[in-house]
Amino acid sequence: MHIREPNEQREIQLLIETLESQWKKILCFAPIRLLRLQFERIENVIVKEFEQAENELNDELKQLERQRDTSEILQRHNERFQTNHFHPTIEIHMRDLHTFANDLKLNEHEQMLDQQEREQFDRRTTKLNDYWKHMQTKIDNVKRKLQTIPKKWQDFEER
């Protein structure tokens, strides 16, 4: 068995303490990092859903300009936005986004998030919330157009 000199023992002890300190620091930051990743994942899912919905609505409006028969377009619209549970799915994602944003703001390691970072999560959440309201209005407006235009054509043809 090798007996260590006091100097060597102090160096080892210092190294162990340094490693323990670094490990505690990593463990301290892990929950916040995980929350950030969860927030960003949900944010990306929502943004992708909004982009696809926006493309679908724009495509429906283009098709509406090109043809009189809106029944197929309306059926497609209903499948995308009603049958496939678009609204409830987005509502769940938005609720999760708010939960992660609040958890980040109220985290026990609050000192690790500065005021600017907290405000950034608030802005990102508010921006998506506002866009969701805009999207709901646009979905309703497109559906209303798809439902009313055939009636207008029918009235026009009857005259």
# chains A, B, ... in the order shown; residues from 1 in each chain; ligands from 1
call {"tool": "residues_around", "arguments": {"residues": "Glu54 (chain A)", "least_positions_apart": "5", "cutoff": "9 Å", "atoms": "only C-alpha atoms", "output": "number ranges by chain"}}
result
A: 49, 59, 135, 138-139
call {"tool": "residues_around", "arguments": {"residues": "region 31-47 of chain A", "least_positions_apart": "3", "cutoff": "6 Å", "atoms": "only C-alpha atoms", "output": "ChimeraX atom specification"}}
result
/A:50,97,100
call {"tool": "closest_residue", "arguments": {"among": "A:Asn141, A:Thr99, A:Ile90, A:Leu15", "to": "Phe121 (chain A)", "atoms": "only C-alpha atoms"}}
result
A:Thr99
call {"tool": "atom_distance", "arguments": {"atom1": "CA of Ser71 (chain A)", "atom2": "CA of Leu57 (chain A)"}}
result
15.0 Å
